[in-house]
$ cat coords_36.txt   # compact mmCIF, C-alpha atoms and all ligand atoms
# COMPACT_ATOMS: atom_id res chain seq x y z
CA MET P 267 -2.23 -38.68 -4.95
CA ALA P 268 -5.91 -37.78 -4.76
CA TYR P 269 -7.88 -38.84 -1.71
CA ASN P 270 -11.17 -40.62 -1.19
CA ILE P 271 -13.03 -38.90 1.61
CA LEU P 272 -16.05 -40.07 3.58
CA ILE P 273 -18.37 -37.62 5.35
CA VAL P 274 -20.73 -39.19 7.89
CA ASP P 275 -23.30 -36.75 9.25
CA ASP P 276 -27.10 -36.88 9.47
CA SER P 277 -27.25 -33.21 8.51
CA SER P 278 -27.08 -32.80 4.74
CA ILE P 279 -26.32 -29.13 5.26
CA ILE P 280 -23.20 -29.94 7.30
CA ARG P 281 -22.09 -32.48 4.67
CA ALA P 282 -22.49 -29.75 2.05
CA VAL P 283 -20.42 -27.31 4.13
CA VAL P 284 -17.64 -29.89 4.61
CA ILE P 285 -17.61 -30.62 0.85
CA LYS P 286 -17.49 -26.92 0.03
CA THR P 287 -14.65 -26.38 2.49
CA LEU P 288 -12.78 -29.37 1.05
CA GLU P 289 -13.02 -27.82 -2.41
CA LEU P 290 -11.67 -24.52 -1.08
CA THR P 291 -8.71 -26.15 0.67
CA GLY P 292 -7.25 -27.43 -2.57
CA VAL P 293 -6.73 -30.90 -1.07
CA PRO P 294 -6.60 -33.27 -4.07
CA VAL P 295 -9.85 -35.21 -3.93
CA ASN P 296 -10.63 -38.27 -6.01
CA LYS P 297 -14.09 -39.03 -4.66
CA ILE P 298 -16.29 -37.83 -1.82
CA PHE P 299 -18.62 -40.37 -0.20
CA GLN P 300 -21.52 -39.35 2.02
CA ALA P 301 -23.41 -41.26 4.70
CA GLU P 302 -26.30 -40.10 6.90
CA ASN P 303 -25.53 -42.38 9.83
CA GLY P 304 -22.85 -44.70 11.22
CA LYS P 305 -24.38 -47.85 9.74
CA VAL P 306 -24.28 -46.45 6.20
CA GLY P 307 -20.81 -45.08 6.94
CA LEU P 308 -19.53 -48.57 7.82
CA GLU P 309 -21.05 -49.97 4.62
CA VAL P 310 -19.21 -47.36 2.57
CA LEU P 311 -15.97 -48.18 4.42
CA HIS P 312 -16.37 -51.91 3.77
CA ASN P 313 -16.95 -51.37 0.06
CA ASN P 314 -14.52 -48.58 -0.78
CA TRP P 315 -10.99 -47.43 -0.11
CA ILE P 316 -11.28 -44.37 2.14
CA ASP P 317 -8.29 -42.17 3.01
CA LEU P 318 -10.04 -39.98 5.57
CA ALA P 319 -13.41 -40.17 7.35
CA PHE P 320 -15.21 -37.23 8.96
CA VAL P 321 -17.63 -38.60 11.53
CA ASP P 322 -20.43 -36.83 13.42
CA ILE P 323 -21.45 -38.12 16.88
CA ASN P 324 -25.16 -37.43 17.20
CA MET P 325 -26.95 -39.33 14.40
CA PRO P 326 -30.00 -41.60 14.22
CA VAL P 327 -29.75 -45.40 13.59
CA MET P 328 -26.06 -45.56 14.55
CA GLY P 329 -24.19 -42.68 16.16
CA GLY P 330 -20.54 -41.79 15.68
CA VAL P 331 -19.23 -43.38 18.89
CA ALA P 332 -20.68 -46.79 17.95
CA MET P 333 -19.42 -46.44 14.39
CA ILE P 334 -15.88 -45.58 15.53
CA GLU P 335 -15.90 -48.48 18.01
CA GLU P 336 -16.83 -50.83 15.14
CA MET P 337 -14.06 -49.39 12.98
CA PHE P 338 -11.39 -49.83 15.61
CA LYS P 339 -12.43 -53.47 16.16
CA ASP P 340 -11.99 -54.17 12.45
CA ASP P 341 -8.63 -55.45 11.14
CA LEU P 342 -8.73 -53.22 8.07
CA LEU P 343 -10.92 -50.28 9.02
CA HIS P 344 -8.94 -49.37 12.14
CA THR P 345 -6.22 -47.92 9.88
CA VAL P 346 -8.57 -45.33 8.31
CA PRO P 347 -7.89 -41.88 9.81
CA VAL P 348 -11.00 -40.54 11.56
CA VAL P 349 -11.76 -36.91 12.35
CA VAL P 350 -14.76 -36.31 14.59
CA VAL P 351 -16.77 -33.25 13.53
CA SER P 352 -19.43 -32.77 16.14
CA THR P 353 -21.19 -30.46 18.53
CA GLU P 354 -19.95 -32.85 21.23
CA GLY P 355 -18.14 -30.84 23.87
CA SER P 356 -17.51 -33.38 26.60
CA LYS P 357 -13.76 -33.63 27.16
CA THR P 358 -14.38 -36.96 28.84
CA ARG P 359 -15.97 -38.38 25.69
CA ILE P 360 -13.46 -36.77 23.30
CA ASN P 361 -10.52 -38.12 25.31
CA GLU P 362 -12.04 -41.60 25.17
CA LEU P 363 -12.24 -41.31 21.39
CA ILE P 364 -8.67 -40.00 21.17
CA GLU P 365 -7.50 -42.95 23.26
CA LYS P 366 -9.31 -45.25 20.85
CA GLY P 367 -7.33 -43.66 18.02
CA ILE P 368 -9.18 -40.86 16.27
CA LYS P 369 -6.82 -38.47 14.48
CA GLY P 370 -8.62 -35.25 15.23
CA TYR P 371 -11.65 -33.50 16.59
CA LEU P 372 -13.40 -30.40 15.33
CA ARG P 373 -16.25 -28.86 17.22
CA LYS P 374 -19.26 -27.38 15.45
CA PRO P 375 -19.66 -24.59 14.54
CA PHE P 376 -16.23 -24.55 12.90
CA GLN P 377 -14.31 -22.07 10.78
CA PRO P 378 -13.23 -23.29 7.31
CA GLU P 379 -9.59 -22.68 8.28
CA ALA P 380 -9.92 -25.06 11.21
CA LEU P 381 -11.25 -27.79 8.94
CA ARG P 382 -8.41 -27.21 6.49
CA ASP P 383 -5.82 -27.46 9.27
CA ILE P 384 -7.26 -30.70 10.54
CA ILE P 385 -7.34 -32.18 7.02
CA ASP P 386 -3.67 -31.31 6.48
CA GLN P 387 -2.80 -32.71 9.88
CA SER P 388 -4.75 -35.95 9.41
CA LEU P 389 -3.55 -36.72 5.91
CA GLY P 390 -0.03 -35.73 6.95
CA VAL P 391 -0.15 -38.20 9.81
CA GLN P 392 -1.23 -40.88 7.37
CA LYS P 393 1.62 -40.08 4.94
CA ASP P 394 4.18 -40.34 7.75
CA GLU P 395 2.96 -43.78 8.63
CA GLU P 396 3.26 -45.10 5.10
CA MET T 77 -26.22 -38.15 48.00
CA THR T 78 -23.57 -35.54 47.39
CA ASP T 79 -24.41 -32.49 45.40
CA GLN T 80 -22.20 -32.78 42.35
CA TYR T 81 -22.05 -29.02 41.96
CA GLN T 82 -20.29 -28.76 45.31
CA ARG T 83 -17.29 -30.67 43.99
CA SER T 84 -16.08 -27.69 42.10
CA PRO T 85 -17.78 -24.40 42.89
CA GLY T 86 -18.53 -22.21 39.94
CA ARG T 87 -18.10 -24.99 37.38
CA GLY T 88 -21.54 -24.44 35.98
CA LEU T 89 -23.60 -21.31 35.66
CA LEU T 90 -26.84 -23.04 36.47
CA LYS T 91 -27.84 -24.01 39.96
CA PRO T 92 -28.62 -27.65 40.72
CA ILE T 93 -32.14 -28.56 39.84
CA ASN T 94 -33.39 -28.82 43.42
CA LYS T 95 -32.18 -25.30 44.14
CA ARG T 96 -33.58 -23.68 41.03
CA SER T 97 -36.60 -21.48 41.35
CA ALA T 98 -39.50 -22.03 39.00
CA GLN T 99 -38.55 -18.94 37.11
CA MET T 100 -35.36 -18.95 35.11
CA GLN T 101 -32.56 -17.04 36.79
CA SER T 102 -31.40 -13.91 35.03
CA GLU T 103 -27.83 -15.24 34.64
CA ASP T 104 -29.21 -18.34 32.91
CA ARG T 105 -31.11 -16.17 30.46
CA GLU T 106 -27.99 -14.14 29.83
CA THR T 107 -25.99 -17.30 29.14
CA LEU T 108 -28.58 -18.70 26.74
CA LEU T 109 -28.75 -15.36 24.95
CA ARG T 110 -24.99 -14.98 24.67
CA LEU T 111 -24.63 -18.52 23.28
CA LEU T 112 -27.38 -17.91 20.76
CA GLU T 113 -25.51 -14.84 19.60
CA VAL T 114 -22.25 -16.76 19.20
CA VAL T 115 -23.75 -19.82 17.46
CA LEU T 116 -25.88 -17.84 15.01
CA GLU T 117 -23.01 -15.58 14.15
CA GLN T 118 -20.48 -18.38 13.64
CA LEU T 119 -22.79 -20.83 11.91
CA ALA T 120 -25.01 -18.57 9.84
CA PHE T 121 -23.49 -15.07 9.98
CA MET T 122 -26.64 -13.78 11.62
CA PHE T 123 -26.90 -11.15 14.31
CA ILE T 124 -29.49 -11.11 17.05
CA GLU T 125 -31.31 -8.20 18.60
CA GLU T 126 -32.87 -8.56 22.02
CA ALA T 127 -36.64 -8.22 21.97
CA GLU T 128 -39.38 -7.53 24.50
CA LYS T 129 -42.20 -10.04 24.95
CA GLU T 130 -44.75 -7.77 23.28
CA ASP T 131 -42.57 -7.57 20.16
CA LEU T 132 -42.51 -11.37 19.93
CA ILE T 133 -46.28 -11.93 19.98
CA VAL T 134 -47.43 -12.72 16.43
CA LYS T 135 -50.77 -12.59 14.60
CA ASP T 136 -49.94 -14.44 11.39
CA GLY T 137 -47.22 -16.35 9.58
CA GLU T 138 -45.83 -19.89 9.52
CA TYR T 139 -43.72 -21.03 12.41
CA LEU T 140 -41.46 -24.00 13.06
CA HIS T 141 -40.67 -25.66 16.36
CA VAL T 142 -37.57 -27.79 16.80
CA SER T 143 -36.74 -29.68 19.96
CA MET T 144 -34.31 -32.22 21.35
CA ASN T 145 -33.71 -33.95 24.64
CA PHE T 146 -30.49 -34.47 26.51
CA SER T 147 -29.73 -37.04 29.17
CA GLY T 148 -26.77 -38.09 31.25
CA PHE T 149 -25.36 -35.75 33.87
CA GLN T 150 -28.72 -33.90 33.76
CA HIS T 151 -31.91 -34.58 31.83
CA GLY T 152 -33.74 -31.89 29.97
CA LYS T 153 -35.10 -30.47 26.79
CA ILE T 154 -34.08 -27.59 24.59
CA GLU T 155 -36.51 -26.04 22.11
CA MET T 156 -36.32 -23.39 19.48
CA ALA T 157 -39.16 -21.79 17.55
CA LEU T 158 -38.76 -19.55 14.57
CA HIS T 159 -40.49 -18.04 11.57
CA GLY T 160 -40.52 -20.24 8.44
CA GLY T 161 -38.76 -17.50 6.48
CA MET T 162 -36.02 -17.40 9.05
CA SER T 163 -35.35 -21.14 8.58
CA LYS T 164 -34.71 -20.48 4.88
CA LEU T 165 -32.42 -17.60 5.77
CA VAL T 166 -30.44 -19.88 8.10
CA ALA T 167 -30.09 -22.49 5.33
CA ALA T 168 -29.09 -19.89 2.72
CA ASN T 169 -26.47 -18.40 5.03
CA ILE T 170 -24.95 -21.69 6.13
CA LEU T 171 -24.67 -22.90 2.55
CA GLY T 172 -23.82 -19.52 1.07
CA ILE T 173 -26.27 -20.03 -1.80
CA ASP T 174 -29.31 -18.30 -3.27
CA ASP T 175 -30.84 -21.26 -5.14
CA GLU T 176 -34.49 -21.08 -3.95
CA GLU T 177 -35.23 -24.80 -4.42
CA MET T 178 -32.10 -25.94 -2.59
CA ILE T 179 -32.75 -23.47 0.23
CA LYS T 180 -36.32 -24.76 0.62
CA GLN T 181 -35.09 -28.35 0.76
CA SER T 182 -32.43 -27.54 3.35
CA ALA T 183 -34.50 -25.29 5.65
CA ASN T 184 -35.68 -27.95 8.12
CA ASP T 185 -32.27 -29.60 8.17
CA ALA T 186 -30.66 -26.22 8.87
CA VAL T 187 -32.78 -25.48 11.94
CA LYS T 188 -32.29 -29.00 13.29
CA GLU T 189 -28.53 -28.60 13.02
CA LEU T 190 -28.73 -25.10 14.49
CA LEU T 191 -30.44 -26.52 17.58
CA ASN T 192 -28.08 -29.50 17.71
CA ILE T 193 -25.06 -27.19 17.75
CA TYR T 194 -26.70 -24.79 20.19
CA CYS T 195 -27.53 -27.68 22.53
CA GLY T 196 -23.97 -29.01 22.48
CA GLN T 197 -22.53 -25.58 23.23
CA MET T 198 -25.15 -24.88 25.89
CA LEU T 199 -24.43 -28.11 27.80
CA THR T 200 -20.72 -27.44 28.17
CA THR T 201 -21.34 -23.82 29.08
CA ILE T 202 -23.97 -24.21 31.75
CA PHE T 203 -22.66 -27.52 33.05
CA SER T 204 -19.06 -28.45 32.33
CA SER T 205 -16.97 -30.03 29.63
CA GLU T 206 -16.18 -32.93 31.98
CA ASP T 207 -19.81 -34.06 32.05
CA VAL T 208 -21.11 -36.53 29.47
CA PHE T 209 -24.49 -36.13 27.80
CA ASP T 210 -26.40 -38.10 25.22
CA LEU T 211 -28.44 -36.04 22.82
CA SER T 212 -31.55 -37.07 20.95
CA VAL T 213 -31.88 -36.29 17.26
CA PRO T 214 -33.67 -32.92 16.81
CA GLU T 215 -37.28 -33.05 15.64
CA VAL T 216 -38.96 -30.29 13.68
CA ASN T 217 -42.69 -29.55 13.47
CA ASN T 218 -44.99 -26.71 12.45
CA ILE T 219 -46.63 -24.83 15.30
CA SER T 220 -49.75 -22.71 15.34
CA ILE T 221 -49.87 -19.01 16.16
CA ASP T 222 -51.48 -19.90 19.50
CA GLU T 223 -48.72 -22.37 20.36
CA TRP T 224 -46.13 -19.75 19.41
CA ASN T 225 -47.71 -17.10 21.62
CA ILE T 226 -48.00 -19.52 24.55
CA MET T 227 -44.28 -20.21 24.23
CA VAL T 228 -43.54 -16.45 24.14
CA ASP T 229 -45.49 -16.09 27.38
CA ASP T 230 -43.57 -18.83 29.21
CA SER T 231 -41.20 -17.33 31.77
CA ASN T 232 -38.51 -19.83 30.70
CA THR T 233 -38.52 -18.62 27.10
CA ILE T 234 -36.00 -16.17 25.78
CA GLY T 235 -36.77 -14.31 22.57
CA VAL T 236 -34.76 -12.35 20.06
CA LYS T 237 -35.21 -10.83 16.63
CA ILE T 238 -33.03 -11.47 13.63
CA GLU T 239 -33.64 -9.22 10.65
CA GLU T 240 -37.19 -8.66 11.95
CA PHE T 241 -37.84 -12.41 12.31
CA PRO T 242 -38.60 -13.52 15.89
CA LEU T 243 -36.82 -16.54 17.38
CA LEU T 244 -37.54 -18.24 20.70
CA VAL T 245 -35.45 -20.56 22.84
CA ARG T 246 -36.62 -22.51 25.88
CA LEU T 247 -34.56 -24.70 28.17
CA SER T 248 -36.35 -27.09 30.52
CA ILE T 249 -34.37 -28.98 33.11
MG MG L 401 -25.76 -34.92 13.86
$ encode --input "coords_36.txt" --output "structure tokens"
Amino acid sequence: MAYNILIVDDSSIIRAVVIKTLELTGVPVNKIFQAENGKVGLEVLHNNWIDLAFVDINMPVMGGVAMIEEMFKDDLLHTVPVVVVSTEGSKTRINELIEKGIKGYLRKPFQPEALRDIIDQSLGVQKDEE
Amino acid sequence: MTDQYQRSPGRGLLKPINKRSAQMQSEDRETLLRLLEVVLEQLAFMFIEEAEKEDLIVKDGEYLHVSMNFSGFQHGKIEMALHGGMSKLVAANILGIDDEEMIKQSANDAVKELLNIYCGQMLTTIFSSEDVFDLSVPEVNNISIDEWNIMVDDSNTIGVKIEEFPLLVRLSI
């Protein structure tokens, strides 16, 4: 099975790094979708099957917290595994997101190995639930 | 009103705002410098050298200024200024590419993300990871030589050199 992956980050350079790391991990990828803010991210999610979403917190138009809240209110989108990739360091905020149901959290700057581990973990969690 | 810093002594490296002197404390400078070292190394494989004020004064060149605000537990602003060539170097190193056109296109984005990451790390280091902050989106502009040199002169500015390029950081709380 090859995965559809969504990367939501206002920084094109971070999206490029995540894509590059994904390629290096050898995770079978069908299609990579990109969004520069939470609003565009939600549109992609409504129109496409996504197996895993990487979501930044600090973005213009709609930030990651608002996007994730919208996802978890949605009957269909709440099942999409979300990994927060952000400079956010507040344990208080991260714990709130974990309670809401995000699958993982990776703090910027990150090592490629850490991203690979979190991908394996998140997709593994999804497989177990199927 | 209770002083939040008294709840847990030593939780942050910075003193509460009402107890801070106008001039940045030396431990604050050290913290900002150490974080800059860590973030640049991890994000862009770049190594900083400490620099004296006189080595940071410039006469020519193109310089960028990037800034963002934070609010929540404390309000403030973090700024970074750097040589235009350095912004391209940051982009090239993050992406691991040497495509000139792509590097040029990514340079502003690279410095914005550099500051964004630096700001996030700085907030949990000088305050605490329990505190919640909202960050603005970083904004990047060109600055003149005069504006650069005024920033160098500010007692709250810390400056370093990276492969001969100067870089400044200023935290205002
Ligand atoms: Mg961002």
$ closest_residue --input "coords_36.txt" --among "P:Thr291, P:Ser388, P:Ser278, P:Asn313" --to "chain T" --atoms "all atoms listed in the file"
P:Ser278
$ interface_residues --input "coords_36.txt" --of "chain P" --to "chain T" --cutoff "8 Å" --atoms "only C-alpha atoms" --output "list in words"
Ser277, Ser278, Ile279, Ile280, Ala282, Val283, Asn324, Met325, Pro326, Thr353, Glu354, Gly355, Ser356, Lys357, Thr358, Arg359, Lys374, Pro375, Phe376 and Gln377 of chain P
$ atom_distance --input "coords_36.txt" --atom1 "CA of Ala319 (chain P)" --atom2 "CA of Pro347 (chain P)"
6.3 Å
$ closest_residue --input "coords_36.txt" --among "T:Leu191, T:Val228, T:Ser220, T:Leu243" --to "ligand MG 401 (chain L)" --atoms "all atoms listed in the file"
T:Leu191
$ residues_near_point --input "coords_36.txt" --point "(-22.9, -39.6, 5.0)" --cutoff "9 Å" --atoms "only C-alpha atoms" --output "PyMOL selection string"
chain P and resi 272-278+281+299-304+306-307+310+320-321
$ closest_residue --input "coords_36.txt" --among "T:Glu130, T:Glu215, T:Glu239, T:Asp230" --to "ligand MG 401 (chain L)" --atoms "all atoms listed in the file"
T:Glu215
$ residues_around --input "coords_36.txt" --residues "Met333 (chain P)" --least-positions-apart "3" --cutoff "7 Å" --atoms "all atoms listed in the file" --output "mmCIF file with C-alpha atoms, keeping the file's coordinate frame"
data_model
loop_
_atom_site.group_PDB
_atom_site.id
_atom_site.type_symbol
_atom_site.label_atom_id
_atom_site.label_comp_id
_atom_site.auth_asym_id
_atom_site.auth_seq_id
_atom_site.Cartn_x
_atom_site.Cartn_y
_atom_site.Cartn_z
ATOM 1 C CA GLY P 304 -22.850 -44.700 11.220
ATOM 2 C CA LYS P 305 -24.380 -47.850 9.740
ATOM 3 C CA LEU P 308 -19.530 -48.570 7.820
ATOM 4 C CA MET P 328 -26.060 -45.560 14.550
ATOM 5 C CA GLY P 329 -24.190 -42.680 16.160
ATOM 6 C CA GLY P 330 -20.540 -41.790 15.680
ATOM 7 C CA GLU P 336 -16.830 -50.830 15.140
ATOM 8 C CA MET P 337 -14.060 -49.390 12.980
#
$ closest_residue --input "coords_36.txt" --among "P:Leu381, P:Val346, P:Leu311, P:Ile334" --to "Glu365 (chain P)" --atoms "all atoms listed in the file"
P:Ile334
$ atom_distance --input "coords_36.txt" --atom1 "CA of Glu379 (chain P)" --atom2 "CA of Val351 (chain P)"
13.8 Å
$ atom_distance --input "coords_36.txt" --atom1 "CA of Thr107 (chain T)" --atom2 "CA of Glu126 (chain T)"
13.2 Å
$ closest_residue --input "coords_36.txt" --among "P:Asp322, P:Glu309, P:Glu289, P:Asp317" --to "ligand MG 401 (chain L)" --atoms "all atoms listed in the file"
P:Asp322
$ closest_residue --input "coords_36.txt" --among "P:His312, P:Lys297, P:Lys286, P:Arg373" --to "ligand MG 401 (chain L)" --atoms "all atoms listed in the file"
P:Arg373
$ residues_around --input "coords_36.txt" --residues "Glu138 (chain T)" --least-positions-apart "5" --cutoff "12 Å" --atoms "all atoms listed in the file" --output "list of chain:residue names"
T:Ala157, T:Leu158, T:His159, T:Gly160, T:Gly161, T:Met162, T:Ser163, T:Asn217, T:Asn218, T:Ile219, T:Ser220, T:Ile221, T:Asp222, T:Glu223, T:Trp224, T:Phe241, T:Pro242
$ write_last_selection --input "coords_36.txt" --atoms "C-alpha atoms" --output "mmCIF file, in the frame of the given file"
data_model
loop_
_atom_site.group_PDB
_atom_site.id
_atom_site.type_symbol
_atom_site.label_atom_id
_atom_site.label_comp_id
_atom_site.auth_asym_id
_atom_site.auth_seq_id
_atom_site.Cartn_x
_atom_site.Cartn_y
_atom_site.Cartn_z
ATOM 1 C CA ALA T 157 -39.160 -21.790 17.550
ATOM 2 C CA LEU T 158 -38.760 -19.550 14.570
ATOM 3 C CA HIS T 159 -40.490 -18.040 11.570
ATOM 4 C CA GLY T 160 -40.520 -20.240 8.440
ATOM 5 C CA GLY T 161 -38.760 -17.500 6.480
ATOM 6 C CA MET T 162 -36.020 -17.400 9.050
ATOM 7 C CA SER T 163 -35.350 -21.140 8.580
ATOM 8 C CA ASN T 217 -42.690 -29.550 13.470
ATOM 9 C CA ASN T 218 -44.990 -26.710 12.450
ATOM 10 C CA ILE T 219 -46.630 -24.830 15.300
ATOM 11 C CA SER T 220 -49.750 -22.710 15.340
ATOM 12 C CA ILE T 221 -49.870 -19.010 16.160
ATOM 13 C CA ASP T 222 -51.480 -19.900 19.500
ATOM 14 C CA GLU T 223 -48.720 -22.370 20.360
ATOM 15 C CA TRP T 224 -46.130 -19.750 19.410
ATOM 16 C CA PHE T 241 -37.840 -12.410 12.310
ATOM 17 C CA PRO T 242 -38.600 -13.520 15.890
#
